[in-house]
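Dropping entry-v4.txt in here (compact mmCIF, C-alpha atoms):
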```txt
# COMPACT_ATOMS: atom_id res chain seq x y z
CA MET L 1 -87.47 69.82 61.60
CA SER L 2 -84.93 68.70 64.15
CA SER L 3 -85.66 71.81 66.18
CA CYS L 4 -88.76 70.43 67.89
CA PRO L 5 -88.19 70.53 71.65
CA GLU L 6 -87.98 67.10 73.20
CA GLU L 7 -90.41 68.08 75.92
CA ILE L 8 -93.06 68.97 73.36
CA VAL L 9 -92.47 65.74 71.43
CA ASP L 10 -93.00 63.82 74.68
CA LEU L 11 -96.28 65.64 75.15
CA MET L 12 -97.30 64.68 71.62
CA HIS L 13 -96.84 61.04 72.53
CA ASP L 14 -98.79 61.45 75.75
CA TYR L 15 -101.48 63.06 73.69
CA LEU L 16 -101.49 60.19 71.18
CA ASP L 17 -101.68 57.72 74.07
CA GLU L 18 -104.67 59.69 75.37
CA ASP L 19 -102.80 59.96 78.57
CA ILE L 20 -102.22 63.66 78.97
CA SER L 21 -103.21 66.02 81.75
CA ALA L 22 -105.42 69.00 80.91
CA GLU L 23 -102.56 71.27 81.83
CA ASP L 24 -100.10 69.54 79.52
CA GLU L 25 -102.62 69.47 76.73
CA MET L 26 -103.01 73.24 76.99
CA LYS L 27 -99.27 73.61 76.92
CA LEU L 28 -99.03 71.44 73.82
CA LYS L 29 -101.81 73.31 72.06
CA HIS L 30 -100.26 76.65 72.86
CA HIS L 31 -96.95 75.56 71.50
CA LEU L 32 -98.45 74.10 68.35
CA GLN L 33 -100.22 77.36 67.58
CA THR L 34 -96.93 79.15 67.28
CA CYS L 35 -94.68 76.40 65.93
CA PRO L 36 -95.22 75.11 62.38
CA SER L 37 -92.43 72.57 62.61
CA CYS L 38 -94.06 70.93 65.64
CA GLN L 39 -97.39 71.00 63.85
CA GLN L 40 -95.81 69.15 61.00
CA TYR L 41 -94.14 66.71 63.37
CA LEU L 42 -97.41 65.82 65.07
CA HIS L 43 -99.05 65.51 61.69
CA GLN L 44 -96.39 63.01 60.63
CA LEU L 45 -96.88 60.98 63.78
CA LYS L 46 -100.63 60.88 63.25
CA ASN L 47 -100.13 59.94 59.65
CA ALA L 48 -97.87 57.05 60.57
CA VAL L 49 -100.42 55.78 63.06
CA GLY L 50 -103.20 56.16 60.50
CA MET L 51 -101.25 54.15 57.94
CA VAL L 52 -100.74 51.32 60.41
CA GLN L 53 -104.43 51.36 61.32
CA GLY L 54 -105.30 51.41 57.64
CA ILE L 55 -103.68 48.15 56.64
CA SER L 56 -106.56 45.84 56.11
CA HIS L 57 -107.61 43.39 58.72
CA ILE L 58 -106.88 39.88 57.70
CA LYS L 59 -108.64 36.67 58.58
CA ALA L 60 -107.31 33.31 59.60
CA PRO L 61 -106.97 30.89 56.68
CA ASP L 62 -109.82 28.55 55.76
CA GLY L 63 -109.96 25.40 57.79
CA PHE L 64 -108.03 26.95 60.65
CA THR L 65 -110.36 25.75 63.38
CA SER L 66 -110.63 22.18 62.11
CA GLN L 67 -106.86 22.00 61.84
CA VAL L 68 -106.45 23.13 65.44
CA MET L 69 -109.09 20.66 66.57
CA ALA L 70 -107.35 17.82 64.71
CA LYS L 71 -104.07 18.62 66.44
CA LEU L 72 -105.41 18.67 69.99
CA PRO L 73 -104.23 15.85 72.20
CA LYS L 74 -106.94 13.19 72.25
CA GLU L 75 -107.69 13.21 75.93
CA ARG L 76 -107.03 16.04 78.31
CA LYS L 77 -108.56 14.15 81.16
CA LYS L 78 -107.21 11.03 82.72
CA VAL L 79 -110.65 9.68 83.53
CA GLY L 80 -111.00 7.63 80.34
CA PHE L 81 -111.51 4.02 81.34
CA GLN L 82 -111.67 4.14 85.08
CA ARG L 83 -114.04 1.72 86.70
CA MET C 1 -118.73 37.34 75.18
CA ASP C 2 -116.76 36.54 78.33
CA LEU C 3 -119.77 34.72 79.74
CA ILE C 4 -120.05 32.42 76.75
CA VAL C 5 -116.32 31.87 76.74
CA ASN C 6 -116.24 30.94 80.41
CA LYS C 7 -119.11 28.55 79.89
CA ARG C 8 -117.22 26.86 77.04
CA ILE C 9 -114.06 26.74 79.12
CA LYS C 10 -115.94 24.89 81.87
CA GLN C 11 -117.21 22.40 79.29
CA VAL C 12 -113.70 21.88 77.97
CA ILE C 13 -112.39 21.27 81.47
CA LYS C 14 -115.13 18.69 81.98
CA GLY C 15 -113.79 16.87 78.94
CA ASP C 16 -115.94 18.20 76.10
CA GLN C 17 -113.30 18.83 73.49
CA ASN C 18 -115.79 20.13 70.91
CA ALA C 19 -116.62 23.09 73.09
CA PHE C 20 -113.11 24.32 72.35
CA SER C 21 -113.85 24.77 68.65
CA GLU C 22 -116.21 27.59 69.46
CA ILE C 23 -113.44 29.35 71.36
CA VAL C 24 -111.11 28.93 68.40
CA GLU C 25 -113.75 30.33 66.06
CA LEU C 26 -114.23 33.39 68.24
CA TYR C 27 -110.56 34.30 68.47
CA LYS C 28 -108.86 32.81 65.44
CA ASP C 29 -108.77 36.01 63.37
CA LYS C 30 -107.36 38.11 66.19
CA VAL C 31 -104.71 35.58 67.09
CA TYR C 32 -103.75 34.93 63.49
CA GLN C 33 -103.54 38.61 62.71
CA VAL C 34 -101.28 39.43 65.64
CA CYS C 35 -98.97 36.55 64.66
CA TYR C 36 -98.96 37.63 61.03
CA ARG C 37 -98.10 41.24 61.77
CA ILE C 38 -95.39 40.31 64.23
CA LEU C 39 -93.83 37.45 62.26
CA GLY C 40 -94.45 38.75 58.77
CA ASN C 41 -95.30 35.65 56.85
CA ARG C 42 -98.50 33.72 56.55
CA HIS C 43 -97.16 30.24 56.86
CA GLU C 44 -95.37 30.96 60.11
CA ALA C 45 -98.30 32.95 61.42
CA GLU C 46 -100.63 30.03 60.85
CA ASP C 47 -98.22 27.66 62.51
CA ILE C 48 -97.77 29.81 65.60
CA ALA C 49 -101.44 30.78 65.85
CA GLN C 50 -102.42 27.11 65.85
CA GLU C 51 -99.77 26.37 68.43
CA ALA C 52 -101.17 29.17 70.62
CA PHE C 53 -104.61 27.56 70.64
CA ILE C 54 -103.17 24.12 71.34
CA ARG C 55 -101.23 25.51 74.30
CA ALA C 56 -104.33 27.30 75.54
CA TYR C 57 -106.23 24.04 75.35
CA ILE C 58 -103.60 22.05 77.20
CA ASN C 59 -103.25 24.69 79.90
CA ILE C 60 -106.86 25.75 80.13
CA GLU C 61 -107.12 24.75 83.76
CA SER C 62 -104.51 27.31 84.69
CA PHE C 63 -106.59 30.14 83.19
CA ASN C 64 -108.11 32.30 85.90
CA GLN C 65 -111.72 32.74 84.84
CA SER C 66 -112.10 36.03 86.66
CA ARG C 67 -109.68 37.50 84.11
CA LYS C 68 -110.19 38.28 80.47
CA PHE C 69 -109.62 35.23 78.29
CA SER C 70 -108.39 37.23 75.28
CA THR C 71 -105.60 38.77 77.39
CA TRP C 72 -104.42 35.32 78.38
CA LEU C 73 -104.62 34.06 74.81
CA TYR C 74 -102.78 37.08 73.40
CA ARG C 75 -100.12 36.48 75.99
CA ILE C 76 -99.59 32.91 74.85
CA ALA C 77 -99.54 33.98 71.20
CA THR C 78 -97.14 36.92 71.62
CA ASN C 79 -94.78 34.82 73.73
CA LEU C 80 -94.68 32.17 71.00
CA CYS C 81 -94.04 34.84 68.36
CA ILE C 82 -91.23 36.41 70.37
CA ASP C 83 -89.65 32.98 70.93
CA ARG C 84 -89.85 32.26 67.24
CA ILE C 85 -88.17 35.55 66.34
CA ARG C 86 -85.39 34.95 68.87
CA LYS C 87 -84.63 31.58 67.34
CA LYS C 88 -84.22 33.00 63.86
CA LYS C 89 -81.17 34.55 62.34
CA PRO C 90 -82.05 38.20 61.79
CA ASP C 91 -80.41 38.41 58.33
CA TYR C 92 -82.23 35.49 56.93
CA TYR C 93 -85.44 36.97 58.22
CA LEU C 94 -85.03 40.35 56.55
CA ASP C 95 -84.03 38.76 53.24
CA ALA C 96 -87.07 36.57 53.26
CA GLU C 97 -89.24 39.58 53.83
CA VAL C 98 -87.86 41.74 51.03
CA SER C 99 -88.40 39.09 48.41
CA GLY C 100 -91.78 38.15 49.87
CA THR C 101 -94.41 40.64 48.66
CA ASP C 102 -96.69 38.45 50.65
CA GLY C 103 -99.62 40.81 50.88
CA LEU C 104 -99.64 41.52 47.17
CA THR C 105 -99.66 37.86 46.31
CA MET C 106 -102.60 37.35 48.59
CA TYR C 107 -104.49 40.31 47.20
CA SER C 108 -103.94 39.28 43.62
CA GLN C 109 -105.23 35.84 44.45
CA VAL C 110 -108.36 37.29 45.92
CA ALA C 111 -108.93 39.52 42.93
CA ALA C 112 -107.81 37.05 40.29
CA ASP C 113 -110.94 37.30 38.17
CA VAL C 114 -111.45 41.00 38.53
CA ALA C 115 -109.30 43.49 36.71
CA LEU C 116 -107.64 45.72 39.26
CA PRO C 117 -108.18 49.42 38.88
CA GLU C 118 -104.98 51.39 39.15
CA GLU C 119 -106.05 53.18 42.28
CA LYS C 120 -106.93 49.99 44.09
CA LEU C 121 -103.62 48.45 43.19
CA GLU C 122 -101.82 51.46 44.57
CA LYS C 123 -103.65 51.10 47.84
CA MET C 124 -102.66 47.47 48.04
CA GLU C 125 -99.07 48.33 47.34
CA LEU C 126 -99.17 50.92 50.05
CA ARG C 127 -100.56 48.42 52.57
CA ASP C 128 -97.95 45.94 51.56
CA ASN C 129 -95.26 48.54 52.13
CA VAL C 130 -96.69 49.58 55.48
CA HIS C 131 -96.69 45.92 56.52
CA LYS C 132 -93.02 45.67 55.58
CA GLU C 133 -92.11 48.84 57.41
CA ILE C 134 -93.76 47.52 60.56
CA LEU C 135 -91.65 44.39 60.21
CA LYS C 136 -88.51 46.48 60.13
CA LEU C 137 -89.19 47.72 63.63
CA PRO C 138 -87.28 46.00 66.41
CA GLN C 139 -89.45 43.25 67.85
CA LYS C 140 -90.17 45.01 71.13
CA TYR C 141 -91.51 48.11 69.41
CA ARG C 142 -93.33 46.16 66.74
CA THR C 143 -95.21 44.08 69.29
CA VAL C 144 -96.67 47.06 71.14
CA ILE C 145 -97.50 48.89 67.90
CA VAL C 146 -99.35 45.85 66.53
CA LEU C 147 -101.29 45.28 69.74
CA LYS C 148 -102.25 48.93 69.97
CA TYR C 149 -102.98 49.96 66.40
CA ILE C 150 -103.98 46.74 64.70
CA GLU C 151 -105.63 44.88 67.55
CA GLU C 152 -106.86 48.13 69.13
CA LEU C 153 -106.00 47.17 72.69
CA SER C 154 -105.52 49.58 75.56
CA LEU C 155 -102.11 50.31 77.03
CA ASN C 156 -103.16 48.60 80.25
CA GLU C 157 -104.13 45.45 78.42
CA ILE C 158 -100.88 45.51 76.48
CA SER C 159 -98.92 45.83 79.69
CA GLU C 160 -100.75 42.79 81.04
CA ILE C 161 -100.27 40.75 77.87
CA LEU C 162 -96.57 41.45 77.68
CA ASP C 163 -96.09 41.36 81.45
CA LEU C 164 -94.36 44.74 81.33
CA PRO C 165 -94.84 47.83 83.47
CA LEU C 166 -97.11 50.44 81.90
CA GLY C 167 -94.22 52.89 81.74
CA THR C 168 -92.18 50.45 79.63
CA VAL C 169 -95.10 49.93 77.26
CA LYS C 170 -95.41 53.70 76.85
CA THR C 171 -91.70 54.11 76.16
CA ARG C 172 -91.81 51.38 73.52
CA MET C 173 -94.92 52.85 71.97
CA HIS C 174 -93.24 56.22 71.85
CA ARG C 175 -90.09 54.85 70.19
CA GLY C 176 -92.11 52.69 67.84
CA ARG C 177 -94.12 55.68 66.66
CA GLU C 178 -90.96 57.73 66.22
CA ALA C 179 -89.44 55.02 64.06
CA LEU C 180 -92.62 54.68 62.01
CA ARG C 181 -92.81 58.44 61.53
CA LYS C 182 -89.42 58.35 59.88
CA GLN C 183 -89.96 55.13 57.92
CA LEU C 184 -93.48 55.78 56.72
CA GLY C 185 -92.79 59.41 55.91
CA LYS C 186 -90.86 58.15 52.89
CA LEU C 187 -93.74 56.16 51.43
```

As structure tokens, please, write out the structure in this file.
Amino acid sequence: MSSCPEEIVDLMHDYLDEDISAEDEMKLKHHLQTCPSCQQYLHQLKNAVGMVQGISHIKAPDGFTSQVMAKLPKERKKVGFQR
Amino acid sequence: MDLIVNKRIKQVIKGDQNAFSEIVELYKDKVYQVCYRILGNRHEAEDIAQEAFIRAYINIESFNQSRKFSTWLYRIATNLCIDRIRKKKPDYYLDAEVSGTDGLTMYSQVAADVALPEEKLEKMELRDNVHKEILKLPQKYRTVIVLKYIEELSLNEISEILDLPLGTVKTRMHRGREALRKQLGKL
């Protein structure tokens, strides 16, 4: 597992960032075809990302907006009682 | 969306405070979520998310309307989160998290009347554990991971929000993913 070349691991991250040149992508694909441990490594990275994406999206608590509105300073503008 | 937001911002600047509530409505879930995933507990997340909106309101005139409002807002929120983390003692923080089971508590509240099927419960436990593993990441990795994979922002946006060069964001993303690969592989 520890045998994955650092250069290839870097390419995996470029690939996951969708920031990889066509040339590098070919290189990565070629390597993956012949290297099961790198395949597994990339799979683990994708899995980790998928798990993070899979935690459910949560919403702000009830009454959030009214609480914010109640806490706003009364007047932003200085123009209040000018004559 | 940006058009509506800019219109509301102009109203707020003119002194119409109510126009701000629409802005809060539009962004509250995003801001709350980012605070929750970075800070780890609901009470603090609510506190900081509210503070972020209050700061945005007070400083609204300094927002450049040719830019994206959400980027500016995320920037305020993440800065507040990072400040909050820096002020805490790290040990206390980790302890609080381990005993928390925050997510589970929330889920069981939601499903109080309904009997939970085994499978569903397992999924909730898994999410709860993923949440905790994210919290174990060092703050600088956690922040980029949350913005990218939970808020679904681009690397460019993240670099703008955090005021970091793109290369730094990529390095942190890379290290964050490496850490998660190891941590989540055990789940």

(message) At a cut-off of 10 Å, which residues of chain L touch chain C? Count all atoms listed in the file and give the answer as a VMD selection string.
(response) chain L and resid 9 to 10 12 to 14 16 to 19 41 to 61 64 to 69 71 to 80

(request) Enter the distance from atom CA of C:Cys81 to atom CA of C:Lys10, in Å, rounded to one decimal. (result)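 Taking atom CA of C:Cys81 and atom CA of C:Lys10, their separation equals 27.6 Å.
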
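For the atom pair formed by atom CA of L:Cys4 and atom CA of L:Cys38, the distance is 5.8 Å, given to one decimal.
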
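One distance worth recording is that between atom CA of C:Gln65 and atom CA of C:Arg84, which is 28.1 Å.
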